[in-house]
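Here's entry.txt, which has compact mmCIF, C-alpha atoms and all ligand atoms:
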# COMPACT_ATOMS: atom_id res chain seq x y z
CA MET A 21 -20.81 229.33 232.28
CA LEU A 22 -17.29 228.90 233.49
CA VAL A 23 -16.82 225.95 231.13
CA ARG A 24 -18.21 227.92 228.24
CA ARG A 25 -15.96 230.89 228.89
CA THR A 26 -12.91 228.66 229.08
CA SER A 27 -13.65 226.93 225.80
CA LEU A 28 -14.30 230.26 224.11
CA ALA A 29 -10.99 231.59 225.41
CA THR A 30 -9.25 228.46 224.23
CA ALA A 31 -10.84 228.77 220.81
CA VAL A 32 -9.78 232.42 220.49
CA ALA A 33 -6.29 231.58 221.61
CA ALA A 34 -6.08 228.69 219.15
CA THR A 35 -7.26 230.88 216.27
CA LEU A 36 -4.76 233.57 217.15
CA PHE A 37 -2.01 231.02 217.40
CA CYS A 38 -2.86 229.51 214.02
CA SER A 39 -3.04 232.76 212.12
CA LEU A 40 0.17 234.02 213.66
CA ALA A 41 2.05 230.74 213.61
CA PHE A 42 4.25 231.63 210.67
CA ALA A 43 4.89 235.22 211.75
CA ALA A 44 5.30 234.56 215.48
CA ASP A 45 7.31 231.36 215.38
CA LEU A 46 9.48 232.21 212.45
CA PRO A 47 9.84 235.80 211.32
CA PRO A 48 10.99 236.06 207.69
CA ASP A 49 14.44 237.39 208.60
CA GLN A 50 14.99 234.42 210.91
CA LEU A 51 13.90 231.99 208.23
CA LEU A 52 16.33 233.72 205.86
CA LYS A 53 19.10 233.25 208.46
CA LYS A 54 18.36 229.54 208.59
CA ALA A 55 18.45 229.47 204.77
CA GLU A 56 21.83 231.23 204.87
CA ALA A 57 23.14 228.57 207.23
CA GLU A 58 21.88 225.96 204.77
CA GLN A 59 24.00 227.35 201.90
CA LYS A 60 27.08 225.31 202.80
CA PRO A 61 25.29 221.93 202.92
CA TYR A 62 23.39 222.97 199.77
CA LEU A 63 26.68 223.49 197.92
CA ALA A 64 28.01 220.15 199.18
CA THR A 65 24.95 218.47 197.65
CA VAL A 66 25.42 220.35 194.36
CA LYS A 67 29.07 219.25 194.26
CA GLN A 68 28.08 215.62 194.87
CA LEU A 69 25.55 215.78 192.02
CA VAL A 70 27.66 217.79 189.54
CA ASP A 71 30.71 215.55 189.85
CA ILE A 72 28.79 212.60 188.37
CA ASP A 73 27.95 212.86 184.65
CA THR A 74 24.24 212.44 183.99
CA GLY A 75 23.92 213.44 180.35
CA THR A 76 20.53 212.26 179.05
CA GLY A 77 20.89 208.58 178.14
CA GLN A 78 24.03 207.95 180.24
CA ALA A 79 22.55 205.06 182.19
CA ALA A 80 25.42 204.46 184.63
CA GLY A 81 25.67 208.04 185.91
CA LEU A 82 21.90 208.44 186.06
CA LYS A 83 21.72 205.26 188.15
CA THR A 84 24.39 206.46 190.59
CA VAL A 85 22.73 209.84 191.06
CA SER A 86 19.29 208.24 191.32
CA ALA A 87 20.53 206.11 194.23
CA VAL A 88 21.84 209.24 195.96
CA LEU A 89 18.53 211.07 195.49
CA VAL A 90 16.46 208.14 196.76
CA GLU A 91 18.53 208.00 199.95
CA ARG A 92 18.33 211.77 200.43
CA LEU A 93 14.54 211.77 200.04
CA LYS A 94 14.19 208.90 202.51
CA ALA A 95 16.31 210.81 205.04
CA LEU A 96 13.85 213.67 204.68
CA GLY A 97 10.99 211.37 205.70
CA ALA A 98 9.69 210.60 202.21
CA THR A 99 8.38 207.31 200.93
CA VAL A 100 10.08 206.84 197.58
CA GLU A 101 9.11 205.02 194.41
CA THR A 102 11.25 204.68 191.31
CA THR A 103 10.07 203.59 187.87
CA PRO A 104 12.09 203.26 184.65
CA ALA A 105 11.54 206.30 182.42
CA THR A 106 11.17 204.15 179.30
CA PRO A 107 12.03 204.91 176.49
CA SER A 108 14.61 207.13 178.20
CA ALA A 109 17.47 205.82 180.32
CA GLY A 110 17.24 206.24 184.09
CA ASP A 111 14.43 206.31 186.61
CA ASN A 112 11.67 208.71 187.48
CA ILE A 113 11.97 209.23 191.23
CA VAL A 114 8.84 210.12 193.18
CA GLY A 115 9.06 210.96 196.88
CA THR A 116 6.01 211.61 199.04
CA ILE A 117 5.93 213.39 202.39
CA LYS A 118 2.68 213.53 204.34
CA GLY A 119 1.75 216.45 206.59
CA ASN A 120 -1.19 217.37 208.79
CA GLY A 121 -2.80 219.92 206.48
CA THR A 122 -4.76 219.81 203.25
CA LYS A 123 -2.79 221.64 200.57
CA THR A 124 -0.77 219.55 198.13
CA PHE A 125 2.51 220.51 196.46
CA LEU A 126 4.49 218.97 193.61
CA LEU A 127 8.15 220.03 193.47
CA MET A 128 9.72 218.82 190.23
CA ILE A 129 12.96 219.06 188.28
CA HIS A 130 15.20 216.99 186.02
CA TYR A 131 18.55 215.50 187.01
CA ASP A 132 19.88 214.87 183.50
CA THR A 133 22.20 217.34 181.75
CA VAL A 134 23.20 218.05 178.14
CA PHE A 135 26.84 217.12 178.71
CA GLY A 136 28.71 214.12 177.30
CA PRO A 137 30.64 211.45 179.25
CA GLY A 138 33.84 212.72 180.87
CA THR A 139 32.68 216.33 181.29
CA ALA A 140 32.53 216.18 185.10
CA ALA A 141 36.10 214.82 185.24
CA LYS A 142 37.31 217.53 182.85
CA ARG A 143 35.72 220.44 184.69
CA PRO A 144 34.52 219.33 188.12
CA PHE A 145 32.51 221.44 190.54
CA ARG A 146 34.30 224.54 191.81
CA VAL A 147 33.35 227.82 193.49
CA ASP A 148 34.82 231.30 193.52
CA ALA A 149 33.62 234.32 195.49
CA GLN A 150 30.43 234.73 193.49
CA HIS A 151 29.68 231.65 191.46
CA ALA A 152 29.61 227.87 191.47
CA TYR A 153 30.65 226.10 188.26
CA GLY A 154 30.35 222.64 186.73
CA PRO A 155 28.19 220.72 184.25
CA GLY A 156 24.54 221.18 185.18
CA VAL A 157 25.37 223.30 188.24
CA ALA A 158 22.36 225.53 187.54
CA ASP A 159 20.46 223.43 184.95
CA ALA A 160 19.28 221.72 186.95
CA LYS A 161 21.35 220.12 189.72
CA GLY A 162 21.18 223.41 191.58
CA GLY A 163 17.40 222.99 191.32
CA VAL A 164 17.52 219.40 192.60
CA ALA A 165 19.52 220.60 195.62
CA MET A 166 17.09 223.51 196.08
CA VAL A 167 14.26 220.99 196.50
CA LEU A 168 16.24 218.78 198.89
CA HIS A 169 17.45 221.61 201.12
CA SER A 170 14.08 223.40 201.19
CA LEU A 171 12.61 220.15 202.50
CA LYS A 172 15.47 219.99 205.01
CA LEU A 173 14.58 223.45 206.30
CA LEU A 174 10.91 222.47 206.62
CA GLN A 175 11.98 219.32 208.46
CA ASP A 176 14.24 221.33 210.80
CA GLN A 177 11.29 223.63 211.58
CA LYS A 178 9.10 220.58 212.17
CA PHE A 179 6.65 222.20 209.79
CA LYS A 180 3.84 219.81 208.89
CA GLY A 181 1.12 222.24 207.83
CA PHE A 182 0.95 220.91 204.26
CA GLY A 183 -1.21 217.98 203.17
CA THR A 184 1.29 216.28 200.86
CA ILE A 185 4.57 217.31 199.33
CA THR A 186 5.44 215.20 196.31
CA VAL A 187 8.89 215.41 194.73
CA LEU A 188 9.54 214.31 191.16
CA PHE A 189 13.07 214.03 189.78
CA ASN A 190 13.07 213.00 186.07
CA PRO A 191 16.05 211.84 183.96
CA ASP A 192 15.18 212.99 180.43
CA GLU A 193 14.15 216.64 180.26
CA GLU A 194 16.98 217.68 177.98
CA THR A 195 15.70 215.48 175.16
CA GLY A 196 12.01 216.27 175.58
CA SER A 197 10.91 214.19 178.61
CA SER A 198 9.46 211.36 176.51
CA GLY A 199 9.70 208.97 179.46
CA SER A 200 8.40 211.35 182.11
CA LYS A 201 5.91 213.69 180.46
CA LYS A 202 2.91 211.48 181.16
CA LEU A 203 3.91 211.06 184.80
CA ILE A 204 4.35 214.83 185.14
CA ALA A 205 0.86 215.46 183.72
CA ASP A 206 -0.73 212.73 185.88
CA LEU A 207 0.96 213.90 189.10
CA ALA A 208 0.34 217.59 188.43
CA LYS A 209 -3.43 217.07 188.19
CA LYS A 210 -3.46 215.63 191.71
CA HIS A 211 -1.82 218.68 193.31
CA ASP A 212 -2.87 222.22 194.18
CA TYR A 213 0.53 223.73 193.45
CA VAL A 214 3.40 222.79 191.16
CA PHE A 215 6.83 224.39 191.53
CA SER A 216 9.43 223.60 188.86
CA TYR A 217 13.10 224.25 189.57
CA GLU A 218 14.69 225.31 186.29
CA PRO A 219 17.19 228.16 186.78
CA PRO A 220 16.15 231.76 186.05
CA ASP A 221 18.84 234.09 184.63
CA LYS A 222 17.96 236.73 187.24
CA ASP A 223 15.96 236.77 190.47
CA ALA A 224 12.65 235.93 188.80
CA VAL A 225 9.78 233.46 188.80
CA THR A 226 8.28 232.34 185.51
CA VAL A 227 4.53 232.48 184.88
CA ALA A 228 4.60 231.50 181.20
CA THR A 229 6.85 229.32 179.03
CA ASN A 230 6.80 228.61 175.32
CA GLY A 231 5.58 225.44 173.69
CA ILE A 232 7.84 223.79 171.11
CA ASN A 233 6.80 222.10 167.86
CA GLY A 234 8.75 220.76 164.90
CA VAL A 235 7.65 221.75 161.39
CA PHE A 236 8.65 219.84 158.26
CA VAL A 237 8.54 220.33 154.50
CA ASP A 238 9.17 217.30 152.29
CA VAL A 239 9.60 217.62 148.54
CA LYS A 240 9.63 214.72 146.09
CA GLY A 241 10.87 215.45 142.57
CA LYS A 242 12.41 213.35 139.81
CA SER A 243 16.07 212.68 139.20
CA SER A 244 17.77 213.00 135.85
CA HIS A 245 21.24 213.71 134.46
CA ALA A 246 22.06 217.31 135.32
CA GLY A 247 24.22 217.69 132.20
CA SER A 248 22.58 215.70 129.40
CA ALA A 249 18.89 215.71 130.42
CA PRO A 250 18.11 218.31 133.11
CA GLU A 251 14.68 219.02 131.56
CA ALA A 252 13.66 215.40 132.25
CA GLY A 253 14.03 215.93 136.00
CA ARG A 254 11.98 217.73 138.61
CA ASN A 255 14.35 219.62 140.90
CA ALA A 256 13.26 218.99 144.49
CA ALA A 257 15.95 221.31 145.94
CA MET A 258 14.78 224.25 143.83
CA GLU A 259 11.20 223.60 144.87
CA LEU A 260 12.26 223.45 148.51
CA ALA A 261 14.07 226.79 148.20
CA HIS A 262 10.89 228.31 146.79
CA GLN A 263 8.82 226.81 149.58
CA LEU A 264 11.08 228.08 152.37
CA LEU A 265 10.89 231.62 151.02
CA GLN A 266 7.09 231.32 150.93
CA LEU A 267 7.08 229.94 154.49
CA LYS A 268 9.45 232.46 156.03
CA ASP A 269 6.66 234.43 157.75
CA LEU A 270 4.79 231.51 159.27
CA GLY A 271 5.33 232.96 162.76
CA ASP A 272 3.15 235.63 164.30
CA PRO A 273 5.02 238.33 166.26
CA ALA A 274 1.79 239.67 167.77
CA LYS A 275 1.12 236.29 169.37
CA GLY A 276 4.75 235.55 170.16
CA THR A 277 4.91 232.66 167.70
CA THR A 278 8.24 232.06 165.96
CA VAL A 279 8.98 229.61 163.16
CA ASN A 280 12.61 229.32 162.08
CA TRP A 281 13.88 226.95 159.37
CA THR A 282 17.04 225.39 160.74
CA LEU A 283 17.86 222.18 158.83
CA ILE A 284 17.80 221.45 155.10
CA LYS A 285 18.93 218.50 153.07
CA GLY A 286 18.63 217.50 149.44
CA GLY A 287 20.40 215.96 146.49
CA GLU A 288 23.03 213.21 146.21
CA LYS A 289 25.57 214.26 143.59
CA ARG A 290 26.39 217.43 141.71
CA ASN A 291 25.55 215.90 138.36
CA ILE A 292 22.10 214.59 139.33
CA ILE A 293 18.93 216.69 139.46
CA PRO A 294 17.79 216.01 143.06
CA SER A 295 14.72 213.85 143.47
CA SER A 296 14.14 214.74 147.11
CA ALA A 297 14.70 217.58 149.52
CA ALA A 298 13.48 218.29 153.02
CA ALA A 299 13.61 221.00 155.66
CA GLU A 300 12.90 221.16 159.37
CA GLY A 301 11.99 224.17 161.42
CA ASP A 302 11.70 225.11 165.08
CA MET A 303 8.36 226.53 166.20
CA ARG A 304 7.85 228.29 169.57
CA TYR A 305 4.47 229.48 170.75
CA SER A 306 2.44 230.44 173.80
CA ASP A 307 -1.05 230.65 172.30
CA LEU A 308 -2.54 227.15 172.16
CA SER A 309 -4.47 227.86 168.94
CA GLU A 310 -1.22 228.54 167.07
CA THR A 311 -0.41 224.86 166.52
CA ASP A 312 -3.52 224.35 164.38
CA ARG A 313 -3.11 227.75 162.71
CA VAL A 314 0.51 227.10 161.64
CA LEU A 315 -0.34 223.62 160.36
CA ALA A 316 -3.28 224.92 158.31
CA ASP A 317 -1.33 227.89 156.93
CA GLY A 318 1.66 225.71 156.07
CA GLN A 319 -0.45 223.14 154.26
CA ARG A 320 -2.23 225.88 152.31
CA ILE A 321 0.94 227.77 151.37
CA VAL A 322 2.87 224.75 150.01
CA GLN A 323 0.18 224.16 147.41
CA ASN A 324 1.63 227.11 145.48
CA LYS A 325 4.51 225.38 143.71
CA LEU A 326 7.36 226.61 141.56
CA ILE A 327 7.92 223.36 139.66
CA ASP A 328 5.04 221.31 138.25
CA GLY A 329 5.39 217.61 138.83
CA THR A 330 6.95 217.91 142.29
CA ASP A 331 5.14 216.67 145.34
CA VAL A 332 5.22 218.91 148.43
CA SER A 333 3.94 218.15 151.90
CA PHE A 334 3.93 220.17 155.13
CA ARG A 335 3.59 218.56 158.56
CA LEU A 336 3.96 219.43 162.22
CA ASP A 337 5.11 217.34 165.20
CA LYS A 338 3.80 218.46 168.56
CA GLY A 339 6.48 218.80 171.22
CA ARG A 340 6.43 220.24 174.71
CA PRO A 341 3.28 222.34 175.31
CA PRO A 342 3.42 225.89 176.70
CA LEU A 343 2.71 227.06 180.21
CA VAL A 344 0.15 229.59 179.04
CA LYS A 345 -0.08 232.92 180.88
CA ASN A 346 -2.87 232.28 183.40
CA PRO A 347 -4.36 233.74 186.61
CA ALA A 348 -3.29 230.84 188.88
CA SER A 349 0.40 231.18 187.99
CA GLU A 350 0.19 234.94 188.31
CA GLY A 351 -1.39 234.51 191.75
CA LEU A 352 1.58 232.39 192.83
CA ALA A 353 3.98 235.03 191.51
CA LYS A 354 2.18 237.65 193.63
CA THR A 355 2.59 235.46 196.72
CA ALA A 356 6.29 235.09 195.88
CA GLN A 357 6.64 238.87 195.53
CA THR A 358 4.94 239.49 198.88
CA LEU A 359 7.12 236.93 200.68
CA TYR A 360 10.27 238.26 199.03
CA SER A 361 9.44 241.83 200.01
CA LYS A 362 9.49 240.68 203.66
CA ILE A 363 13.22 240.06 203.32
CA GLY A 364 13.74 243.31 201.44
CA ARG A 365 14.09 241.76 198.00
CA THR A 366 12.17 241.86 194.77
CA VAL A 367 11.35 238.97 192.49
CA GLU A 368 10.11 239.62 189.00
CA PRO A 369 7.40 237.54 187.29
CA ILE A 370 8.54 236.80 183.74
CA ALA A 371 7.50 234.94 180.60
CA MET A 372 10.33 232.94 179.05
CA ARG A 373 11.00 231.76 175.50
CA PHE A 374 12.29 228.38 176.62
CA GLY A 375 10.02 225.37 176.73
CA THR A 376 10.14 223.40 180.01
CA ASP A 377 8.39 220.55 181.81
CA ALA A 378 6.09 223.13 183.42
CA GLY A 379 4.15 222.92 180.13
CA TYR A 380 3.28 219.29 180.86
CA ALA A 381 2.10 220.22 184.36
CA TYR A 382 -0.19 223.02 183.18
CA VAL A 383 -3.84 222.11 182.53
CA PRO A 384 -5.38 224.52 179.97
CA ASP A 385 -8.31 226.63 181.19
CA SER A 386 -8.01 225.31 184.74
CA GLN A 387 -6.98 226.94 188.03
CA LYS A 388 -5.58 223.65 189.30
CA PRO A 389 -2.77 223.06 189.61
CA ALA A 390 -1.26 226.52 189.91
CA VAL A 391 2.15 226.19 188.22
CA LEU A 392 5.24 228.30 188.83
CA GLU A 393 8.51 227.79 186.92
CA THR A 394 12.15 228.80 187.62
CA MET A 395 12.06 228.27 191.36
CA GLY A 396 15.67 227.04 191.06
CA VAL A 397 18.98 228.77 191.66
CA VAL A 398 19.82 231.84 189.55
CA GLY A 399 22.28 230.87 186.83
CA ALA A 400 23.69 231.59 183.39
CA GLY A 401 25.63 229.97 180.57
CA LEU A 402 23.19 227.07 180.46
CA HIS A 403 24.22 224.19 178.17
CA ALA A 404 27.67 225.83 177.82
CA ASP A 405 31.14 225.33 179.33
CA ASP A 406 30.89 228.50 181.41
CA GLU A 407 27.60 227.60 183.11
CA TYR A 408 27.40 228.92 186.63
CA ALA A 409 25.07 229.29 189.61
CA ASP A 410 24.89 232.59 191.47
CA LEU A 411 25.87 232.02 195.11
CA SER A 412 24.00 235.09 196.36
CA SER A 413 20.71 233.63 195.16
CA ILE A 414 20.92 230.38 197.14
CA ALA A 415 19.66 231.55 200.55
CA PRO A 416 16.86 233.83 199.27
CA ARG A 417 15.62 231.11 196.97
CA LEU A 418 15.66 228.47 199.73
CA TYR A 419 13.71 230.97 201.82
CA LEU A 420 11.25 231.47 198.95
CA THR A 421 10.29 227.79 198.59
CA VAL A 422 9.97 227.29 202.34
CA ALA A 423 7.96 230.49 202.86
CA MET A 424 5.71 229.69 199.88
CA ILE A 425 4.89 226.24 201.26
CA MET A 426 4.22 227.64 204.75
CA GLU A 427 2.12 230.50 203.43
CA LEU A 428 0.07 228.49 200.92
CA SER A 429 -0.49 225.67 203.42
CA ALA A 430 -2.26 228.16 205.70
CA LYS A 431 -4.67 229.31 202.98
ZN ZN A 501 16.80 222.37 182.59
structure tokens encoding of this file:
Amino acid sequence: MLVRRTSLATAVAATLFCSLAFAADLPPDQLLKKAEAEQKPYLATVKQLVDIDTGTGQAAGLKTVSAVLVERLKALGATVETTPATPSAGDNIVGTIKGNGTKTFLLMIHYDTVFGPGTAAKRPFRVDAQHAYGPGVADAKGGVAMVLHSLKLLQDQKFKGFGTITVLFNPDEETGSSGSKKLIADLAKKHDYVFSYEPPDKDAVTVATNGINGVFVDVKGKSSHAGSAPEAGRNAAMELAHQLLQLKDLGDPAKGTTVNWTLIKGGEKRNIIPSSAAAEGDMRYSDLSETDRVLADGQRIVQNKLIDGTDVSFRLDKGRPPLVKNPASEGLAKTAQTLYSKIGRTVEPIAMRFGTDAGYAYVPDSQKPAVLETMGVVGAGLHADDEYADLSSIAPRLYLTVAMIMELSAK
């Protein structure tokens, strides 16, 4: 009897301890304090990363930063594997940290930027009272540092309640992730939760992103002398102009699909009737059925020609897929809102018009993994000279990742 009572008491105590572990050991305001203390080392990491150019394709800079990231992950207790991101320059870096629990997390972000060689030397990292500046400071080196310093906070707390935390840093997001998209999709499937660290432009988490496709119209005509025999030609440029007007409403505002014609070319000389002309357009969408719909509509529409004897074709290249609005992502946003409210802040769930790597992580019609985008530092001026990261967002956002991992690990 005595033995039984003791074991029951122990069991009750253990249950109580488990369910209160997060709240009792680390109240949200104390975790936020630790995150505030982490801001200075966070900024030192961002400076180290920003002051080395890693424009997509710049092999030397990508290699230098890759070596830094590998060492940092190892110091955080990760086993690290690097593989060349062929056909892109640079390595995909995968770090794995094992815990004692069951839930699995993938934290991912790119370490390439859009900036050319010499940019870091021209405008190196600097801070003023409110902002940090430099090439890629928010997009996405601030996100890379967010991952590293969130893991540091978990390590400092000796928190091991997760099953696995996998980190992926890829070197080619800014040109479409051709050398990392397959790895992202493969890794994502093996995890319960995926957090991506692109920067939001306000304190927000993103539950839906757009997919991106390219659309193309090619016209073949027939050249002839524009002065002495124009009637012998078939003017491809005129046909293209006709086609673009016909194709101007290929988008669907109700579904959030946009199609914008952005590049045209045609003709060789002013005195020759052009024998070829072509246009390219940018398509953004969030409804997966829109890719097939736009292709079918485009192919149907171009059959109505202005000039007999021209040849017109319409095609579509699939790019980054969307993170479609889905219950799993919205569930994560709710958790984020609850955890943020505990430190007296609000975080807004948003849908964004950008396309990001979160699209490769999302599995259509599945609850796994649950994907959340823009877990990075709040920033603005992305891809521009005045890009900045908002200093006041650093601590709350470090808190958010750490609290999310602790909370979701206990589920
Ligand atoms: Zn980015």
message: Residues within 8 Å of (3.7, 222.7, 187.6), file coordinates, counting only C-alpha atoms: what are they? Give the list as a ChimeraX atom specification.
response: /A:126-128,208,213-216,377-382,389-393
task: Using all atoms listed in the file, determine which residues fall within 7 Å of ligand ZN 501 (chain A), then list them as a ChimeraX atom specification.
output: /A:130,159-160,193-194,218
- request: Could you give me, as a PyMOL selection string, the residues within 6 Å of Tyr217 (chain A), counting only C-alpha atoms and dropping anything in the same chain fewer than 2 positions from it?
  value: chain A and resi 129+163+394-396
task: Measure the distance from CA of Lys285 (chain A) to CA of Ala316 (chain A) in Å and round it to one decimal.
output: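 One can read the CA of Lys285 (chain A) to CA of Ala316 (chain A) distance as 23.7 Å.
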Spatial neighbours of region 181-189 of chain A, 8 Å, all atoms listed in the file, chain gap at least 6 places, as a PyMOL selection string: chain A and resi 112-131+164+167+204+425-426+429-430
- prompt: Suppose you want the space between CA of Gly138 (chain A) and CA of Arg92 (chain A); what is it in Å?
  reply: 25.0 Å
message: One decimal, in Å: what's the spacing between CA of Tyr305 (chain A) and CA of Asn230 (chain A)?
response: 5.2 Å
task: Select all residues near (-3.2, 216.8, 188.2) (cut-off 8 Å, inclusive, file coordinates), counting only C-alpha atoms, and output them as a PyMOL selection string.
output: chain A and resi 205-211+381+383+388-389
field: Residue with smallest distance to Gly247 (chain A) - pool A:Ser306, A:Asn291, A:Gln78, A:Thr65, counting only C-alpha atoms
entry: A:Asn291
query: Which residue, A:Ala158, A:Leu168, A:Ala80, A:Ala109, has the smallest gap to Ala409 (chain A) when you use all atoms listed in the file?
result: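 Selected residue with least distance to Ala409 (chain A): A:Ala158.
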field: Of the listed residues A:Lys268, A:Arg417, A:Lys240, A:Lys180, that which approaches Gly286 (chain A) most closely, counting all atoms listed in the file
entry: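 The answer is A:Lys240, which sits nearest to Gly286 (chain A).
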message: Please list as a list of chain:residue names every residue within 9 Å of Asp307 (chain A), counting only C-alpha atoms and excluding residues in the same chain fewer than 4 positions away.
response: A:Asn230, A:Gly231, A:Lys275, A:Gly276, A:Thr277, A:Thr311, A:Pro342, A:Val344, A:Lys345
